[in-house]
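First up is the structure itself, then whatever we jot down about it.
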Amino acid sequence: MKSYRHSLPPLDSLIFFEASARHLSFSDAAQELLVTQTAVSKRIRQLEEHLGVALFVRTGRVIDLTDEGRKLADQSAILLDFAQRALASIATRPDAPLRIAANSAVSLFWLGPRLKDFGLSEHACPVELVSTDQPGTLQDGSNDIAILHGTGEWPGRVASPLVPDLLVPVIAPSLADKASIMSGQSLSLIEAKELAPLLNFPRVTPDWTNWDNWENTGLVSGWPRIECGTYARSIGASLQGTGIALANPHFLSAELNEGSLVQLGPSAQSTRCAYFLTYADTPLRPGVERFLDYLAILPD
């Protein structure tokens, strides 16, 4: 028979260790965990005594991991993450917030305004927004709802089509006016080169499209570019008049309708991918149902 009580140290000592190893500072770990530095030091000592090895080298106020500490640091983060996921997968607390994930641009320009309206409505419930461009985090099982880009096939998730994967060049009206470009007019290589650089962003998955693999790359070959850290940042730079971005007009309908961005042609639409609103193929928590009903996503 297994006896975890005798073979394992107090599990909260691993939480203290993980924070200390990540910060390489007992003081910073204490600040993160909302305890005193003395409490952190005590728990680390208890863990070291249980394991029979030193986990940190202490030189005055400076600490560093020992070889054994580095090994445990790699494994403890995985262990705690796994425990968090396991507990989250069965958590049924009625006050648990609705967790919604979307990439940075979708969160800022499309989801954010809708969450505000939802939060002010009679359907409101606590919401936790996860805004990230990392596919692994977007598809994390702890997300009640995730807006995902792909073919619509994710094991264990129901996928409702949201918008097509359409990309068009967009530009600030101040720059468009300088070149007498009207909305919908095709890009001119000469005008665009003189007008502004292209605002590019990293392709975090092979399915993503940027200026490097846009369907009309022949039109922009050789243009100067500015590399932006995220898709959302490229849109933000375009709004500021820095350059020309690629954007999905469905997610930027408010900016296009109010004239803070001008849509240019030509456009390019993926025939294979789209954006989907997805949720777990399991009985839904009330908050999930309320939000899906609010967006009119749930089937009748």
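The chains in the structure tokens are called A, B, ... from first to last as shown; in each chain the residues are counted from 1, and the ligands are counted from 1 in the order shown.
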All helix (DSSP H, G or I) positions in stretch 100-172 of chain A, as JSON, numbers by chain: {"A": [104, 105, 106, 107, 108, 109, 110, 111, 112, 113, 114, 115, 116, 117, 118, 119, 135, 136, 137, 138]}
Would you output that residue set with C-alpha atoms, as a tab-separated table (two decimals), in the first residue's frame?
chain	number	residue	atom	x	y	z
A	104	SER	CA	-4.38	38.87	-28.52
A	105	ALA	CA	-6.02	40.62	-31.48
A	106	VAL	CA	-9.36	38.82	-31.13
A	107	SER	CA	-9.35	39.55	-27.37
A	108	LEU	CA	-8.71	43.27	-27.83
A	109	PHE	CA	-10.79	44.12	-30.86
A	110	TRP	CA	-13.67	41.62	-30.94
A	111	LEU	CA	-14.08	39.78	-27.66
A	112	GLY	CA	-13.34	42.67	-25.30
A	113	PRO	CA	-16.31	44.86	-26.31
A	114	ARG	CA	-18.65	41.85	-26.18
A	115	LEU	CA	-17.42	40.88	-22.73
A	116	LYS	CA	-18.14	44.42	-21.56
A	117	ASP	CA	-21.70	44.24	-22.90
A	118	PHE	CA	-22.12	40.76	-21.39
A	119	GLY	CA	-20.83	41.96	-18.02
A	135	PRO	CA	-1.71	27.56	-29.28
A	136	GLY	CA	-1.02	25.31	-26.29
A	137	THR	CA	-2.45	27.85	-23.84
A	138	LEU	CA	-5.45	28.55	-26.08
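Using only C-alpha atoms, the contacts of stretch 36-46 of chain A at a cut-off of 10 Å, with sequence neighbours closer than 3 positions omitted, comprise Pro9, Pro10, Asp12, Ser13, Leu14, Ile15, Phe16, Phe17, Glu18, Ala19, Ser20, Ser25, Phe26, Ser27, Asp28, Ala29, Ala30, Gln31, Leu33, Glu49, His50, Leu51, Gly52, Val53, Ala54, Leu55 and Phe56 of chain A.
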Put those residues in a file: N, CA and C atoms, as a compact mmCIF listing (two decimals), in the first residue's frame.
# COMPACT_ATOMS: atom_id res chain seq x y z
N PRO A 9 7.01 15.01 1.00
CA PRO A 9 7.05 16.15 1.93
C PRO A 9 5.71 16.87 1.88
N PRO A 10 5.45 17.79 2.81
CA PRO A 10 4.24 18.62 2.70
C PRO A 10 4.20 19.28 1.32
N ASP A 12 2.75 21.77 0.08
CA ASP A 12 2.86 23.21 -0.06
C ASP A 12 4.32 23.67 -0.06
N SER A 13 5.24 22.81 0.47
CA SER A 13 6.66 23.18 0.43
C SER A 13 7.16 23.23 -1.01
N LEU A 14 6.54 22.43 -1.90
CA LEU A 14 6.92 22.47 -3.32
C LEU A 14 6.48 23.79 -3.95
N ILE A 15 5.36 24.34 -3.50
CA ILE A 15 4.91 25.63 -4.01
C ILE A 15 5.90 26.72 -3.60
N PHE A 16 6.36 26.65 -2.35
CA PHE A 16 7.36 27.62 -1.88
C PHE A 16 8.67 27.45 -2.65
N PHE A 17 9.06 26.20 -2.88
CA PHE A 17 10.31 25.94 -3.60
C PHE A 17 10.21 26.43 -5.05
N GLU A 18 9.11 26.13 -5.73
CA GLU A 18 8.97 26.50 -7.14
C GLU A 18 9.06 28.01 -7.31
N ALA A 19 8.40 28.76 -6.43
CA ALA A 19 8.45 30.22 -6.52
C ALA A 19 9.86 30.73 -6.23
N SER A 20 10.53 30.15 -5.26
CA SER A 20 11.90 30.58 -4.92
C SER A 20 12.86 30.26 -6.04
N SER A 25 15.05 34.13 -5.41
CA SER A 25 14.96 35.12 -4.33
C SER A 25 13.86 34.68 -3.36
N PHE A 26 14.22 34.50 -2.09
CA PHE A 26 13.21 34.18 -1.09
C PHE A 26 12.27 35.37 -0.86
N SER A 27 12.83 36.59 -0.97
CA SER A 27 12.01 37.78 -0.76
C SER A 27 10.94 37.91 -1.84
N ASP A 28 11.34 37.72 -3.11
CA ASP A 28 10.38 37.84 -4.21
C ASP A 28 9.34 36.72 -4.14
N ALA A 29 9.79 35.52 -3.74
CA ALA A 29 8.85 34.41 -3.59
C ALA A 29 7.84 34.72 -2.50
N ALA A 30 8.31 35.29 -1.40
CA ALA A 30 7.42 35.64 -0.30
C ALA A 30 6.39 36.68 -0.73
N GLN A 31 6.85 37.66 -1.53
CA GLN A 31 5.93 38.69 -2.02
C GLN A 31 4.86 38.08 -2.92
N LEU A 33 3.76 34.96 -2.86
CA LEU A 33 2.91 34.04 -2.11
C LEU A 33 2.19 34.71 -0.95
N GLU A 49 15.52 19.15 4.45
CA GLU A 49 15.70 18.13 5.48
C GLU A 49 14.99 16.84 5.10
N HIS A 50 13.81 16.96 4.50
CA HIS A 50 13.08 15.77 4.07
C HIS A 50 13.85 15.03 2.97
N LEU A 51 14.43 15.78 2.03
CA LEU A 51 15.14 15.16 0.90
C LEU A 51 16.56 14.78 1.25
N GLY A 52 17.12 15.41 2.27
CA GLY A 52 18.49 15.12 2.66
C GLY A 52 19.53 15.74 1.75
N VAL A 53 19.15 16.78 1.00
CA VAL A 53 20.08 17.48 0.11
C VAL A 53 19.83 18.97 0.21
N ALA A 54 20.85 19.75 -0.13
CA ALA A 54 20.69 21.20 -0.21
C ALA A 54 20.14 21.56 -1.58
N LEU A 55 19.14 22.40 -1.60
CA LEU A 55 18.52 22.81 -2.87
C LEU A 55 19.02 24.17 -3.33
N PHE A 56 19.51 24.98 -2.39
CA PHE A 56 20.02 26.31 -2.71
C PHE A 56 21.39 26.51 -2.10
Enumerate, in order of chain and increasing residue number, the residues of stretch 239-298 of chain A with an atom no farther than 9 Å from stretch 154-159 of chain A, each with its shortest atom pair and distance in Å to one decimal, counting only C-alpha atoms, as a tab-separated table.
residue	atom	partner	partner_atom	distance
A:Phe276	CA	A:Ala159	CA	5.7
A:Leu277	CA	A:Ala159	CA	5.7
A:Thr278	CA	A:Ala159	CA	4.4
A:Tyr279	CA	A:Arg157	CA	5.3
A:Ala280	CA	A:Arg157	CA	4.4
A:Asp281	CA	A:Arg157	CA	4.9
A:Thr282	CA	A:Gly156	CA	8.2
Could you write those residues out with all heavy atoms, as a PDB file, in the first residue's frame?
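Output file out_24.pdb follows:
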ATOM      1  N   PHE A 276     -13.187  29.594 -34.961  1.00  0.00           N
ATOM      2  CA  PHE A 276     -14.286  28.856 -34.349  1.00  0.00           C
ATOM      3  C   PHE A 276     -14.383  29.209 -32.873  1.00  0.00           C
ATOM      4  O   PHE A 276     -13.357  29.400 -32.207  1.00  0.00           O
ATOM      5  CB  PHE A 276     -14.081  27.341 -34.479  1.00  0.00           C
ATOM      6  CG  PHE A 276     -14.118  26.828 -35.897  1.00  0.00           C
ATOM      7  CD1 PHE A 276     -12.991  26.897 -36.700  1.00  0.00           C
ATOM      8  CD2 PHE A 276     -15.280  26.271 -36.422  1.00  0.00           C
ATOM      9  CE1 PHE A 276     -13.017  26.428 -38.002  1.00  0.00           C
ATOM     10  CE2 PHE A 276     -15.320  25.794 -37.715  1.00  0.00           C
ATOM     11  CZ  PHE A 276     -14.188  25.872 -38.517  1.00  0.00           C
ATOM     12  N   LEU A 277     -15.602  29.277 -32.379  1.00  0.00           N
ATOM     13  CA  LEU A 277     -15.822  29.366 -30.943  1.00  0.00           C
ATOM     14  C   LEU A 277     -16.013  27.947 -30.445  1.00  0.00           C
ATOM     15  O   LEU A 277     -16.910  27.241 -30.882  1.00  0.00           O
ATOM     16  CB  LEU A 277     -17.042  30.227 -30.628  1.00  0.00           C
ATOM     17  CG  LEU A 277     -17.186  30.601 -29.150  1.00  0.00           C
ATOM     18  CD1 LEU A 277     -17.747  31.999 -28.997  1.00  0.00           C
ATOM     19  CD2 LEU A 277     -18.068  29.606 -28.421  1.00  0.00           C
ATOM     20  N   THR A 278     -15.147  27.517 -29.546  1.00  0.00           N
ATOM     21  CA  THR A 278     -15.147  26.122 -29.107  1.00  0.00           C
ATOM     22  C   THR A 278     -15.397  26.017 -27.608  1.00  0.00           C
ATOM     23  O   THR A 278     -15.073  26.935 -26.844  1.00  0.00           O
ATOM     24  CB  THR A 278     -13.806  25.438 -29.438  1.00  0.00           C
ATOM     25  OG1 THR A 278     -12.782  25.912 -28.549  1.00  0.00           O
ATOM     26  CG2 THR A 278     -13.386  25.719 -30.883  1.00  0.00           C
ATOM     27  N   TYR A 279     -15.973  24.889 -27.207  1.00  0.00           N
ATOM     28  CA  TYR A 279     -16.188  24.606 -25.795  1.00  0.00           C
ATOM     29  C   TYR A 279     -16.192  23.098 -25.604  1.00  0.00           C
ATOM     30  O   TYR A 279     -16.367  22.335 -26.567  1.00  0.00           O
ATOM     31  CB  TYR A 279     -17.492  25.235 -25.285  1.00  0.00           C
ATOM     32  CG  TYR A 279     -18.704  24.953 -26.134  1.00  0.00           C
ATOM     33  CD1 TYR A 279     -19.559  23.885 -25.867  1.00  0.00           C
ATOM     34  CD2 TYR A 279     -19.012  25.766 -27.218  1.00  0.00           C
ATOM     35  CE1 TYR A 279     -20.677  23.630 -26.646  1.00  0.00           C
ATOM     36  CE2 TYR A 279     -20.132  25.523 -28.017  1.00  0.00           C
ATOM     37  CZ  TYR A 279     -20.947  24.453 -27.725  1.00  0.00           C
ATOM     38  OH  TYR A 279     -22.047  24.202 -28.502  1.00  0.00           O
ATOM     39  N   ALA A 280     -15.966  22.657 -24.378  1.00  0.00           N
ATOM     40  CA  ALA A 280     -15.814  21.232 -24.093  1.00  0.00           C
ATOM     41  C   ALA A 280     -17.097  20.473 -24.416  1.00  0.00           C
ATOM     42  O   ALA A 280     -18.206  20.956 -24.166  1.00  0.00           O
ATOM     43  CB  ALA A 280     -15.426  21.016 -22.637  1.00  0.00           C
ATOM     44  N   ASP A 281     -16.916  19.277 -24.973  1.00  0.00           N
ATOM     45  CA  ASP A 281     -18.052  18.419 -25.316  1.00  0.00           C
ATOM     46  C   ASP A 281     -18.499  17.652 -24.072  1.00  0.00           C
ATOM     47  O   ASP A 281     -18.476  16.423 -24.012  1.00  0.00           O
ATOM     48  CB  ASP A 281     -17.643  17.461 -26.435  1.00  0.00           C
ATOM     49  CG  ASP A 281     -18.826  16.669 -26.980  1.00  0.00           C
ATOM     50  OD1 ASP A 281     -19.969  17.049 -26.673  1.00  0.00           O
ATOM     51  OD2 ASP A 281     -18.593  15.688 -27.713  1.00  0.00           O
ATOM     52  N   THR A 282     -18.889  18.406 -23.054  1.00  0.00           N
ATOM     53  CA  THR A 282     -19.332  17.854 -21.766  1.00  0.00           C
ATOM     54  C   THR A 282     -20.494  18.723 -21.274  1.00  0.00           C
ATOM     55  O   THR A 282     -20.737  19.805 -21.820  1.00  0.00           O
ATOM     56  CB  THR A 282     -18.209  17.880 -20.722  1.00  0.00           C
ATOM     57  OG1 THR A 282     -17.749  19.228 -20.573  1.00  0.00           O
ATOM     58  CG2 THR A 282     -17.033  16.995 -21.158  1.00  0.00           C
TER      59      THR A 282
END
Selected residue, from A:Asp144, A:Leu65, A:Glu227, A:Pro97, that lies nearest to A:Pro283 when counting only C-alpha atoms: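 Of A:Asp144, A:Leu65, A:Glu227, A:Pro97, the one nearest A:Pro283 is A:Asp144, counting only C-alpha atoms.
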From A:Ala268, A:Leu284, A:Ile147, A:Leu261, residue lying nearest A:Val168 [only C-alpha atoms]: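 Checking each candidate against A:Val168, we get A:Ala268 as the closest.
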Which residues of stretch 119-215 of chain A come within 6 Å of stretch 236-247 of chain A, and what is each one's closest atom pair and distance in Å (one decimal), counting only C-alpha atoms, sorted by chain and residue number, as a Markdown table?
| residue | atom | partner | partner_atom | distance |
| --- | --- | --- | --- | --- |
| A:Leu167 | CA | A:Ala247 | CA | 5.1 |
| A:Val168 | CA | A:Leu246 | CA | 5.4 |
| A:Pro169 | CA | A:Leu246 | CA | 4.6 |
| A:Val170 | CA | A:Ala245 | CA | 5.4 |
| A:Ile171 | CA | A:Ile244 | CA | 5.1 |
| A:Ala172 | CA | A:Gly241 | CA | 5.1 |
| A:Ala196 | CA | A:Gly243 | CA | 4.8 |
| A:Pro197 | CA | A:Gly243 | CA | 5.0 |
| A:Leu198 | CA | A:Ile244 | CA | 4.9 |
| A:Leu199 | CA | A:Ala245 | CA | 5.0 |
Å distance separating atom CA of A:Arg272 from atom CA of A:Pro164, one decimal place: 9.5 Å
